[in-house]
file model21.cif (mmCIF, C-alpha atoms)
data_coords
loop_
_atom_site.label_atom_id
_atom_site.label_comp_id
_atom_site.auth_asym_id
_atom_site.auth_seq_id
_atom_site.Cartn_x
_atom_site.Cartn_y
_atom_site.Cartn_z
CA MET Q 1 -16.16 8.94 41.80
CA ASP Q 2 -15.48 10.60 45.12
CA PRO Q 3 -13.43 13.75 44.32
CA SER Q 4 -10.95 13.25 47.15
CA ARG Q 5 -10.21 9.73 45.86
CA PHE Q 6 -9.60 11.19 42.42
CA PHE Q 7 -7.05 13.67 43.76
CA GLU Q 8 -5.45 10.88 45.77
CA TYR Q 9 -5.10 8.95 42.54
CA LEU Q 10 -3.52 11.94 40.83
CA ALA Q 11 -1.17 12.47 43.76
CA PHE Q 12 -0.18 8.82 43.50
CA ARG Q 13 0.27 9.12 39.79
CA PHE Q 14 2.30 12.33 39.75
CA GLY Q 15 3.96 12.43 43.16
CA ASP Q 16 4.05 16.07 44.14
CA PHE Q 17 0.69 16.74 42.62
CA ASP Q 18 -0.84 20.02 43.65
CA PRO Q 19 -4.37 19.96 42.29
CA SER Q 20 -5.06 23.63 42.84
CA ARG Q 21 -2.11 24.65 40.69
CA TYR Q 22 -3.31 22.52 37.77
CA THR Q 23 -6.85 23.72 38.20
CA VAL Q 24 -5.89 27.38 38.31
CA THR Q 25 -3.64 26.99 35.27
CA VAL Q 26 -6.26 25.26 33.15
CA VAL Q 27 -9.12 27.49 34.26
CA VAL Q 28 -7.19 30.71 33.65
CA GLY Q 29 -5.89 29.35 30.33
CA VAL Q 30 -9.37 28.39 29.10
CA PHE Q 31 -10.76 31.71 30.30
CA GLY Q 32 -7.98 33.55 28.46
CA GLY Q 33 -8.61 31.64 25.23
CA LEU Q 34 -12.34 32.24 25.40
CA VAL Q 35 -11.95 35.94 26.11
CA ALA Q 36 -9.55 36.21 23.18
CA ARG Q 37 -12.01 34.41 20.89
CA ALA Q 38 -14.89 36.62 22.02
CA PHE Q 39 -12.72 39.66 21.47
CA MET Q 40 -11.88 38.56 17.93
CA MET Q 41 -15.58 38.09 17.23
CA ARG Q 42 -16.10 41.80 17.86
CA ILE Q 43 -14.25 42.50 14.63
CA ASP Q 44 -16.07 40.14 12.31
CA TYR Q 45 -19.74 41.12 12.56
CA ARG Q 46 -19.92 42.01 8.90
CA GLN Q 47 -18.25 38.88 7.71
CA PHE Q 48 -20.37 36.45 9.62
CA PRO Q 49 -23.90 35.47 8.72
CA GLY Q 50 -26.41 33.87 11.09
CA TYR Q 51 -25.82 36.19 14.00
CA PRO Q 52 -26.63 34.60 17.41
CA HIS Q 53 -26.28 30.99 16.34
CA GLY Q 54 -23.14 31.71 14.38
CA ARG Q 55 -21.73 33.17 17.58
CA VAL Q 56 -22.65 30.10 19.60
CA ILE Q 57 -20.91 27.86 17.06
CA GLN Q 58 -17.78 29.97 17.08
CA LEU Q 59 -17.71 30.30 20.88
CA ALA Q 60 -18.18 26.56 21.29
CA LEU Q 61 -15.29 25.87 18.93
CA GLY Q 62 -13.34 28.57 20.73
CA LEU Q 63 -13.93 26.73 24.00
CA VAL Q 64 -12.54 23.53 22.51
CA ALA Q 65 -9.55 25.43 21.15
CA ALA Q 66 -8.99 27.15 24.49
CA PHE Q 67 -9.04 23.80 26.30
CA LEU Q 68 -6.50 22.33 23.91
CA GLY Q 69 -4.18 25.26 24.42
CA ALA Q 70 -4.63 25.46 28.18
CA LEU Q 71 -3.96 21.76 28.73
CA ALA Q 72 -0.66 21.64 26.85
CA ILE Q 73 1.61 23.11 29.57
CA PRO Q 74 0.14 21.11 32.48
CA ALA Q 75 0.36 17.98 30.33
CA LEU Q 76 4.04 18.62 29.60
CA VAL Q 77 4.76 19.35 33.25
CA ALA Q 78 3.07 16.08 34.19
CA ARG Q 79 5.39 14.36 31.67
CA GLU Q 80 2.45 13.30 29.54
CA PHE Q 81 4.32 13.99 26.34
CA THR Q 82 1.99 12.00 24.13
CA ALA Q 83 -0.86 14.21 25.29
CA VAL Q 84 0.66 17.10 23.35
CA THR Q 85 0.07 15.26 20.08
CA PHE Q 86 -3.58 16.19 20.39
CA LEU Q 87 -2.55 19.60 19.12
CA ALA Q 88 -2.07 17.94 15.75
CA LEU Q 89 -5.59 16.61 16.04
CA ALA Q 90 -6.73 20.15 16.72
CA ALA Q 91 -5.13 21.44 13.53
CA GLN Q 92 -6.98 18.74 11.59
CA GLN Q 93 -10.23 19.66 13.32
CA PHE Q 94 -9.98 23.34 12.57
CA ARG Q 95 -9.06 22.79 8.96
CA GLU Q 96 -12.41 21.05 8.74
CA VAL Q 97 -14.02 24.10 10.31
CA ARG Q 98 -12.66 26.11 7.43
CA GLY Q 99 -14.16 23.67 4.95
CA VAL Q 100 -17.56 23.82 6.63
CA GLU Q 101 -17.46 27.60 6.78
CA ARG Q 102 -16.52 27.84 3.13
CA GLU Q 103 -19.30 25.47 2.13
CA THR Q 104 -21.94 27.40 4.06
CA LEU Q 105 -20.91 30.76 2.66
CA ALA Q 106 -20.52 29.45 -0.88
CA ARG Q 107 -24.00 27.98 -0.77
CA LEU Q 108 -25.49 31.22 0.51
CA ASP Q 109 -23.59 33.08 -2.16
CA GLU Q 110 -25.40 31.19 -4.91
CA ILE Q 111 -28.59 33.20 -4.47
CA GLU Q 112 -27.14 36.33 -2.95
CA LEU Q 113 -28.29 39.39 -4.94
CA VAL Q 114 -24.77 40.75 -4.85
CA ALA Q 115 -22.47 37.78 -4.29
CA ARG Q 116 -19.41 37.91 -2.05
CA GLY Q 117 -17.41 36.03 -4.62
CA PRO Q 118 -15.03 33.11 -4.01
CA HIS Q 119 -12.09 35.32 -2.95
CA TYR Q 120 -14.09 36.82 -0.13
CA VAL Q 121 -15.63 33.51 0.95
CA GLU Q 122 -12.19 31.92 1.06
CA GLY Q 123 -10.84 34.86 3.03
CA ILE Q 124 -13.58 34.62 5.65
CA ALA Q 125 -13.15 30.84 6.00
CA ARG Q 126 -9.42 31.30 6.42
CA VAL Q 127 -9.88 34.01 9.04
CA ILE Q 128 -12.19 31.78 11.06
CA GLU Q 129 -9.68 28.93 10.95
CA ALA Q 130 -6.83 31.26 11.92
CA ARG Q 131 -8.80 32.68 14.81
CA ASN Q 132 -9.08 29.23 16.33
CA TYR Q 133 -5.29 28.85 16.17
CA LEU Q 134 -4.91 32.26 17.78
CA THR Q 135 -7.25 31.06 20.51
CA ILE Q 136 -5.07 27.99 21.09
CA GLY Q 137 -1.99 30.18 21.15
CA THR Q 138 -3.49 32.63 23.62
CA ALA Q 139 -4.66 29.84 25.93
CA LEU Q 140 -1.20 28.29 25.71
CA LEU Q 141 0.49 31.56 26.56
CA VAL Q 142 -1.88 32.45 29.38
CA SER Q 143 -1.76 29.01 30.98
CA GLY Q 144 2.03 28.91 30.62
CA VAL Q 145 2.50 32.27 32.32
CA THR Q 146 0.00 31.25 34.98
CA TRP Q 147 1.87 28.02 35.64
CA PHE Q 148 5.25 29.66 36.06
CA THR Q 149 4.11 32.83 37.83
CA HIS Q 150 0.63 33.52 39.16
CA TRP Q 151 -2.84 33.85 37.72
CA ILE Q 152 -2.40 37.63 37.82
CA GLY Q 153 0.55 37.18 35.49
CA GLY Q 154 -1.70 35.06 33.24
CA VAL Q 155 -4.32 37.78 33.07
CA ALA Q 156 -1.64 40.35 32.26
CA ALA Q 157 -0.36 38.09 29.46
CA LEU Q 158 -3.93 37.86 28.16
CA GLY Q 159 -4.17 41.64 28.06
CA ALA Q 160 -0.89 41.88 26.18
CA ALA Q 161 -2.00 39.16 23.74
CA ILE Q 162 -5.25 40.97 22.99
CA VAL Q 163 -3.49 44.28 22.39
CA ALA Q 164 -0.99 42.52 20.10
CA MET Q 165 -3.79 40.77 18.20
CA ASP Q 166 -5.66 44.00 17.75
CA LYS Q 167 -2.58 45.56 16.19
CA LEU Q 168 -1.32 42.61 14.14
CA MET Q 169 -4.56 41.13 12.87
CA GLU Q 170 -6.06 44.40 11.73
CA GLY Q 171 -5.92 43.98 7.98
CA ARG Q 172 -5.81 46.90 5.61
CA THR Q 173 -8.91 48.36 4.03
CA ILE Q 174 -9.61 50.01 0.70
CA GLY Q 175 -9.42 53.37 2.47
CA ASP Q 176 -5.77 52.61 3.32
CA ILE Q 177 -4.66 51.81 -0.21
CA ALA Q 178 -6.68 54.21 -2.33
CA ARG Q 179 -8.01 57.73 -2.58
CA LEU Q 180 -11.78 57.84 -2.80
CA ARG Q 181 -14.06 60.47 -4.23
CA ILE Q 182 -17.59 60.73 -5.53
CA GLY Q 183 -17.80 60.32 -9.29
CA CYS Q 184 -20.45 61.67 -11.61
CA ILE Q 185 -23.00 59.20 -13.03
CA ARG Q 186 -23.70 60.05 -16.67
CA PHE Q 187 -24.94 58.50 -19.89
CA GLN Q 188 -23.47 58.74 -23.34
CA GLY Q 189 -26.04 57.16 -25.60
CA PRO Q 190 -26.89 53.90 -23.86
CA HIS Q 191 -23.53 53.76 -22.08
CA LEU Q 192 -23.32 54.34 -18.36
CA TYR Q 193 -20.18 56.06 -17.14
CA VAL Q 194 -18.79 57.06 -13.76
CA ASP Q 195 -16.76 60.13 -14.73
CA ASP Q 196 -14.78 58.73 -17.69
CA ILE Q 197 -14.92 55.02 -16.77
CA HIS Q 198 -17.33 52.89 -18.77
CA ILE Q 199 -19.56 50.69 -16.61
CA MET Q 200 -22.19 49.11 -18.88
CA ASN Q 201 -24.66 49.44 -21.70
CA LEU Q 202 -28.27 50.07 -20.71
CA GLY Q 203 -30.93 50.21 -23.39
CA LEU Q 204 -34.16 50.99 -21.55
CA PRO Q 205 -34.83 54.70 -20.95
CA GLU Q 206 -36.58 53.89 -17.64
CA ASN Q 207 -33.44 52.15 -16.35
CA GLN Q 208 -31.36 55.11 -17.38
CA GLU Q 209 -33.71 57.42 -15.49
CA VAL Q 210 -33.33 55.33 -12.32
CA TRP Q 211 -29.55 55.49 -12.60
CA LYS Q 212 -29.58 59.23 -13.33
CA GLY Q 213 -31.84 59.93 -10.36
CA LYS Q 214 -30.72 57.49 -7.69
CA GLY Q 215 -27.43 56.09 -8.92
CA ARG Q 216 -24.19 57.03 -7.18
CA GLY Q 217 -20.64 56.63 -8.40
CA VAL Q 218 -17.31 56.38 -6.62
CA ILE Q 219 -13.87 56.73 -8.17
CA ILE Q 220 -11.27 54.59 -6.40
CA GLU Q 221 -7.76 55.74 -7.15
CA PRO Q 222 -4.94 53.37 -6.12
CA LEU Q 223 -2.07 54.99 -4.21
CA ASP Q 224 0.71 52.74 -5.52
CA ALA Q 225 1.51 49.80 -7.80
CA GLN Q 226 0.54 47.24 -5.20
CA ALA Q 227 -2.80 48.92 -4.61
CA ARG Q 228 -3.32 48.90 -8.37
CA SER Q 229 -2.93 45.15 -8.54
CA VAL Q 230 -5.24 44.66 -5.55
CA LEU Q 231 -7.93 46.74 -7.21
CA ALA Q 232 -7.44 44.92 -10.52
CA SER Q 233 -8.42 41.65 -8.82
CA THR Q 234 -11.94 40.68 -9.80
CA GLY Q 235 -12.45 39.08 -6.39
CA GLN Q 236 -11.57 42.32 -4.64
CA ARG Q 237 -13.97 44.28 -6.81
CA GLN Q 238 -16.75 41.79 -6.16
CA ALA Q 239 -16.05 42.12 -2.42
CA ILE Q 240 -16.40 45.90 -2.72
CA ALA Q 241 -19.72 45.50 -4.53
CA HIS Q 242 -20.97 43.06 -1.90
CA ASP Q 243 -19.87 44.93 1.19
CA VAL Q 244 -21.05 48.30 0.00
CA SER Q 245 -24.45 46.96 -0.98
CA VAL Q 246 -24.72 45.43 2.49
CA LEU Q 247 -23.76 48.69 4.17
CA VAL Q 248 -25.75 51.23 2.13
CA GLY Q 249 -28.32 48.87 0.61
CA THR Q 250 -29.01 48.18 -3.04
CA ARG Q 251 -32.15 48.59 -5.12
CA LYS Q 252 -31.24 45.54 -7.14
CA ASP Q 253 -33.70 42.66 -7.20
CA PHE Q 254 -34.08 39.45 -9.16
CA SER Q 255 -36.11 41.20 -11.82
CA ALA Q 256 -33.93 44.30 -11.78
CA ALA Q 257 -30.53 42.98 -12.80
CA GLU Q 258 -29.75 46.33 -14.45
CA LEU Q 259 -29.33 47.83 -10.98
CA THR Q 260 -26.43 45.49 -10.14
CA PRO Q 261 -23.60 47.41 -8.50
CA LEU Q 262 -20.53 47.13 -10.71
CA ALA Q 263 -16.87 48.02 -10.32
CA ARG Q 264 -15.04 48.57 -13.60
CA ARG Q 265 -11.43 49.41 -14.18
CA ASP Q 266 -9.74 52.00 -16.30
CA PRO Q 267 -6.74 50.08 -17.66
CA ASP Q 268 -4.67 53.22 -18.28
CA SER Q 269 -4.69 54.61 -14.76
CA GLY Q 270 -5.74 51.57 -12.74
CA ARG Q 271 -8.61 53.59 -11.27
CA ILE Q 272 -11.87 51.83 -10.45
CA GLY Q 273 -15.25 53.29 -11.26
CA PHE Q 274 -17.86 51.88 -8.90
CA ALA Q 275 -21.53 52.41 -9.65
CA ILE Q 276 -24.41 51.49 -7.37
CA VAL Q 277 -28.06 52.40 -6.88
CA PRO Q 278 -28.13 52.48 -3.09
CA GLU Q 279 -31.11 52.46 -0.75
CA ASN Q 280 -29.45 55.25 1.13
CA GLY Q 281 -28.24 57.99 -1.19
CA ASP Q 282 -25.98 59.71 1.36
CA GLU Q 283 -22.65 60.18 -0.42
CA LYS Q 284 -20.60 60.44 2.78
CA LEU Q 285 -21.95 57.09 3.94
CA LEU Q 286 -21.16 55.60 0.53
CA LEU Q 287 -17.54 56.76 0.66
CA LYS Q 288 -17.25 55.46 4.21
CA ALA Q 289 -18.66 52.09 3.16
CA VAL Q 290 -16.17 51.74 0.30
CA SER Q 291 -13.24 52.78 2.47
CA ARG Q 292 -14.10 50.11 5.06
CA VAL Q 293 -14.04 47.16 2.66
CA PRO Q 294 -11.19 44.85 3.70
CA VAL Q 295 -8.31 44.23 1.32
CA LEU Q 296 -8.57 40.51 0.63
CA GLU Q 297 -5.61 38.27 1.25
CA ALA Q 298 -6.34 36.44 -1.97
CA ALA Q 299 -6.17 39.70 -3.92
CA GLN Q 300 -2.71 40.63 -2.67
CA SER Q 301 0.36 40.44 -4.81
CA SER Q 302 3.59 42.35 -5.07
CA PRO Q 303 4.29 43.58 -8.57
CA PHE Q 304 7.45 45.46 -9.50
CA PRO Q 305 7.27 48.93 -8.04
CA GLY Q 306 5.97 51.42 -10.54
CA GLY Q 307 4.62 48.56 -12.70
CA MET K 1 -20.65 36.71 -10.55
CA ASP K 2 -20.37 39.35 -13.17
CA VAL K 3 -16.95 38.39 -14.42
CA GLU K 4 -17.71 34.92 -15.73
CA LEU K 5 -18.47 34.23 -19.35
CA ASN K 6 -21.96 32.87 -18.92
CA ARG K 7 -23.99 35.51 -20.65
CA ALA K 8 -26.51 34.67 -23.30
CA VAL K 9 -28.70 36.67 -25.66
CA MET K 10 -32.24 35.77 -24.63
CA ALA K 11 -34.17 37.94 -27.07
CA VAL K 12 -33.72 40.46 -29.84
CA ILE K 13 -36.08 43.43 -30.21
CA THR K 14 -36.02 45.54 -33.35
CA ARG K 15 -38.01 47.73 -35.69
CA GLU K 16 -35.72 46.93 -38.57
CA GLN K 17 -36.39 43.43 -39.85
CA ARG K 18 -33.48 43.53 -42.30
CA LYS K 19 -30.92 43.59 -39.52
CA THR K 20 -31.87 40.47 -37.62
CA ALA K 21 -31.87 36.76 -38.37
CA GLY K 22 -31.78 33.43 -36.56
CA GLY K 23 -30.29 32.57 -33.18
CA ALA K 24 -32.32 34.10 -30.42
CA PRO K 25 -36.07 34.82 -30.56
CA ILE K 26 -36.68 38.02 -32.49
CA PHE K 27 -39.50 40.41 -31.59
CA HIS K 28 -40.53 42.84 -34.29
CA VAL K 29 -42.08 46.05 -33.06
CA GLU K 30 -43.77 48.98 -34.77
CA SER K 31 -42.77 52.01 -32.70
CA ASP K 32 -40.23 53.26 -30.18
CA GLU K 33 -42.92 53.21 -27.53
CA GLU K 34 -43.70 49.55 -28.23
CA MET K 35 -40.00 48.73 -28.34
CA THR K 36 -39.48 50.16 -24.86
CA ARG K 37 -42.51 48.36 -23.49
CA VAL K 38 -41.67 44.97 -25.04
CA ALA K 39 -38.02 45.21 -24.05
CA GLY K 40 -38.94 46.15 -20.49
CA ASN K 41 -41.36 43.23 -20.20
CA LEU K 42 -38.89 40.76 -21.67
CA ALA K 43 -36.14 41.93 -19.33
CA ARG K 44 -38.42 41.46 -16.31
CA ILE K 45 -39.62 38.06 -17.46
CA LEU K 46 -36.21 36.73 -18.44
CA ASP K 47 -34.26 38.36 -15.56
CA GLY K 48 -32.08 39.97 -18.16
CA ILE K 49 -30.75 43.39 -18.99
CA VAL K 50 -31.67 45.38 -22.09
CA HIS K 51 -28.67 46.53 -24.09
CA ASP K 52 -28.77 48.97 -26.97
CA LEU K 53 -26.62 48.02 -29.95
CA GLU K 54 -27.04 51.57 -31.25
CA ASN K 55 -28.27 50.43 -34.67
CA GLY K 56 -31.94 50.16 -33.88
CA VAL K 57 -31.52 46.71 -32.37
CA TRP K 58 -31.92 45.97 -28.66
CA ILE K 59 -30.99 42.70 -27.06
CA VAL K 60 -31.93 41.17 -23.73
CA VAL K 61 -28.92 39.49 -22.16
CA ARG K 62 -28.81 37.35 -19.06
CA HIS K 63 -25.52 37.86 -17.26
#

call {"tool": "encode", "arguments": {"input": "model21.cif", "output": "structure tokens"}}
result
Amino acid sequence: MDPSRFFEYLAFRFGDFDPSRYTVTVVVGVFGGLVARAFMMRIDYRQFPGYPHGRVIQLALGLVAAFLGALAIPALVAREFTAVTFLALAAQQFREVRGVERETLARLDEIELVARGPHYVEGIARVIEARNYLTIGTALLVSGVTWFTHWIGGVAALGAAIVAMDKLMEGRTIGDIARLRIGCIRFQGPHLYVDDIHIMNLGLPENQEVWKGKGRGVIIEPLDAQARSVLASTGQRQAIAHDVSVLVGTRKDFSAAELTPLARRDPDSGRIGFAIVPENGDEKLLLKAVSRVPVLEAAQSSPFPGG
Amino acid sequence: MDVELNRAVMAVITREQRKTAGGAPIFHVESDEEMTRVAGNLARILDGIVHDLENGVWIVVRH
């Protein structure tokens, strides 16, 4: 169709139609949403497998989300109220994204040497779904501000939205809720301990030698009652084992199950003893890796204070 | 995952025949050296971990 005829049609349809205003609003809105999505991706490199292609998938979905958000205000202004119902469709769509994400990660987890565990998988899937909604929201905000002010206002709103997201969406990490220190790996008979916390029973002397030589232990001490309950969660402990073995490596293999990194709890104090045979024996790196593990949403609860 | 109850005793290795019976395959060995070697091989083959019951009996468990 000849573009000028198309705009004539729109002008006929909406009276005082000013195509440039719609175009600017939608373009700035979509741009804002996409930038926000790309910005959020910066944070999740560790949580997302399948690097370049995973990014393409997420950016493509982000584009769709940005379009949905950016179109809402112009559609309302044009009195196309029914058009706004597509936001409901979007919610449906992105819930499916979460399902797909969960399925992919859960399938990968089946043969992972150190599994993420269902808590972590669920958390990642949820974050990816939520990020699409944030993209819609940002595009909505940016396009709205652009419509009522100027595209410069839209860009300023985008900046503010990104700063706010950075602050609000930054979840806590293990380093925020616990004190970390290096623990001593030792054996008492066949029993492996990190300081005074029992980890497991290992019969073979050669395995014990590997642990004595290359094993490293970390004591994770919760700062309060809530931190205690987070660290008691098996899902959280599995996430620690997974993330740390990604960050500092693990010597575990299919035929070396005895080198599995394990996090065990001392029921009296709520402390966690974490034992791993890392590829990289640097203790500073190990502490840093543990402190960076995210606190999982699924592991959160609020017990009575002091409980 | 290491928290589920899906572990199973795959093999029992011992020098003391009196202490073992039935259930899992039992491997009788003559010396400590043989015990270590057999247990190590079984653990590799079965993808299990050798645990010491501290009574002269070792078991290979798949977790």

call {"tool": "interface_residues", "arguments": {"input": "model21.cif", "of": "chain K", "to": "chain Q", "cutoff": "10 Å", "atoms": "only C-alpha atoms", "output": "number ranges by chain"}}
result
K: 1-3, 35-37, 39-40, 43-54, 57-60, 62-63

call {"tool": "closest_residue", "arguments": {"input": "model21.cif", "among": "Q:Tyr120, Q:Trp147, Q:Phe304, Q:Phe81", "to": "Q:His242", "atoms": "all atoms listed in the file"}}
result
Q:Tyr120

call {"tool": "residues_around", "arguments": {"input": "model21.cif", "residues": "K:Glu30", "least_positions_apart": "2", "cutoff": "12 Å", "atoms": "only C-alpha atoms", "output": "PyMOL selection string"}}
result
chain K and resi 13-17+27-28+32-38+56

call {"tool": "write_last_selection", "arguments": {"input": "model21.cif", "atoms": "C-alpha atoms", "output": "PDB file, keeping the file's coordinate frame"}}
result
ATOM      1  CA  ILE K  13     -36.080  43.430 -30.210  1.00  0.00           C
ATOM      2  CA  THR K  14     -36.020  45.540 -33.350  1.00  0.00           C
ATOM      3  CA  ARG K  15     -38.010  47.730 -35.690  1.00  0.00           C
ATOM      4  CA  GLU K  16     -35.720  46.930 -38.570  1.00  0.00           C
ATOM      5  CA  GLN K  17     -36.390  43.430 -39.850  1.00  0.00           C
ATOM      6  CA  PHE K  27     -39.500  40.410 -31.590  1.00  0.00           C
ATOM      7  CA  HIS K  28     -40.530  42.840 -34.290  1.00  0.00           C
ATOM      8  CA  ASP K  32     -40.230  53.260 -30.180  1.00  0.00           C
ATOM      9  CA  GLU K  33     -42.920  53.210 -27.530  1.00  0.00           C
ATOM     10  CA  GLU K  34     -43.700  49.550 -28.230  1.00  0.00           C
ATOM     11  CA  MET K  35     -40.000  48.730 -28.340  1.00  0.00           C
ATOM     12  CA  THR K  36     -39.480  50.160 -24.860  1.00  0.00           C
ATOM     13  CA  ARG K  37     -42.510  48.360 -23.490  1.00  0.00           C
ATOM     14  CA  VAL K  38     -41.670  44.970 -25.040  1.00  0.00           C
ATOM     15  CA  GLY K  56     -31.940  50.160 -33.880  1.00  0.00           C
TER      16      GLY K  56
END

call {"tool": "residues_around", "arguments": {"input": "model21.cif", "residues": "Q:Leu192", "least_positions_apart": "4", "cutoff": "9 Å", "atoms": "only C-alpha atoms", "output": "PyMOL selection string"}}
result
chain Q and resi 185-188+197-202+208+211

call {"tool": "resolve_selection", "arguments": {"input": "model21.cif", "expression": "the PyMOL selection byres ((chain Q and resi 278) around 10)", "output": "list in words"}}
result
Lys214, Gly215, Arg216, Val244, Ser245, Val246, Leu247, Val248, Gly249, Thr250, Arg251, Lys252, Leu259, Pro261, Ala275, Ile276, Val277, Glu279, Asn280, Gly281, Asp282, Glu283 and Leu286 of chain Q

call {"tool": "atom_distance", "arguments": {"input": "model21.cif", "atom1": "atom CA of Q:Arg271", "atom2": "atom CA of Q:Val295"}}
result
15.7 Å

call {"tool": "closest_residue", "arguments": {"input": "model21.cif", "among": "Q:Ala160, Q:Tyr22, Q:Lys284, Q:Arg172", "to": "Q:Val77", "atoms": "all atoms listed in the file"}}
result
Q:Tyr22

call {"tool": "atom_distance", "arguments": {"input": "model21.cif", "atom1": "atom CA of K:Asn41", "atom2": "atom CA of K:Arg18"}}
result
23.5 Å

call {"tool": "residues_around", "arguments": {"input": "model21.cif", "residues": "stretch 125-137 of chain Q", "least_positions_apart": "4", "cutoff": "8 Å", "atoms": "all atoms listed in the file", "output": "list in words"}}
result
Gly33, Leu34, Ala36, Arg37, Met40, Leu61, Gly62, Ala65, Ala66, Phe67, Leu68, Gly69, Ala70, Ala91, Phe94, Arg95, Val97, Arg98, Gly99, Glu101, Arg102, Val121 and Leu141 of chain Q

call {"tool": "closest_residue", "arguments": {"input": "model21.cif", "among": "Q:Glu122, Q:Glu80, Q:Glu103, Q:Asp268", "to": "Q:Asp196", "atoms": "all atoms listed in the file"}}
result
Q:Asp268

call {"tool": "atom_distance", "arguments": {"input": "model21.cif", "atom1": "atom CA of Q:Ile152", "atom2": "atom CA of Q:Leu168"}}
result
24.2 Å

call {"tool": "residues_around", "arguments": {"input": "model21.cif", "residues": "Q:Glu221", "least_positions_apart": "4", "cutoff": "8 Å", "atoms": "only C-alpha atoms", "output": "number ranges by chain"}}
result
Q: 178-180, 270-272

call {"tool": "residues_around", "arguments": {"input": "model21.cif", "residues": "Q:Gln236", "least_positions_apart": "5", "cutoff": "8 Å", "atoms": "only C-alpha atoms", "output": "ChimeraX atom specification"}}
result
/Q:119-120,230-231,295-296,299

call {"tool": "write_last_selection", "arguments": {"input": "model21.cif", "atoms": "C-alpha atoms", "output": "PDB file, in the frame of the given file"}}
result
ATOM      1  CA  HIS Q 119     -12.090  35.320  -2.950  1.00  0.00           C
ATOM      2  CA  TYR Q 120     -14.090  36.820  -0.130  1.00  0.00           C
ATOM      3  CA  VAL Q 230      -5.240  44.660  -5.550  1.00  0.00           C
ATOM      4  CA  LEU Q 231      -7.930  46.740  -7.210  1.00  0.00           C
ATOM      5  CA  VAL Q 295      -8.310  44.230   1.320  1.00  0.00           C
ATOM      6  CA  LEU Q 296      -8.570  40.510   0.630  1.00  0.00           C
ATOM      7  CA  ALA Q 299      -6.170  39.700  -3.920  1.00  0.00           C
TER       8      ALA Q 299
END

call {"tool": "axis_aligned_box", "arguments": {"input": "model21.cif", "around": "stretch 52-66 of chain Q", "padding_each_side": "4 Å", "output": "AutoDock Vina command-line options"}}
result
--center_x -17.8 --center_y 29.1 --center_z 19.4 --size_x 25.6 --size_y 19.1 --size_z 18.1

call {"tool": "resolve_selection", "arguments": {"input": "model21.cif", "expression": "the PyMOL selection byres ((chain Q and resi 166) around 12)", "output": "list in words"}}
result
Ala36, Arg37, Phe39, Met40, Met41, Arg42, Ile43, Leu134, Gly159, Ala160, Ala161, Ile162, Val163, Ala164, Met165, Lys167, Leu168, Met169, Glu170 and Gly171 of chain Q

call {"tool": "resolve_selection", "arguments": {"input": "model21.cif", "expression": "the PyMOL selection byres ((chain Q and resi 225) around 9)", "output": "list in words"}}
result
Pro222, Leu223, Asp224, Gln226, Ala227, Arg228, Ser229, Val230, Gly270, Ser302, Pro303, Phe304, Pro305, Gly306 and Gly307 of chain Q

call {"tool": "closest_residue", "arguments": {"input": "model21.cif", "among": "Q:Glu112, Q:Glu96, Q:Asp176, Q:Glu297", "to": "Q:Asp243", "atoms": "only C-alpha atoms"}}
result
Q:Glu112
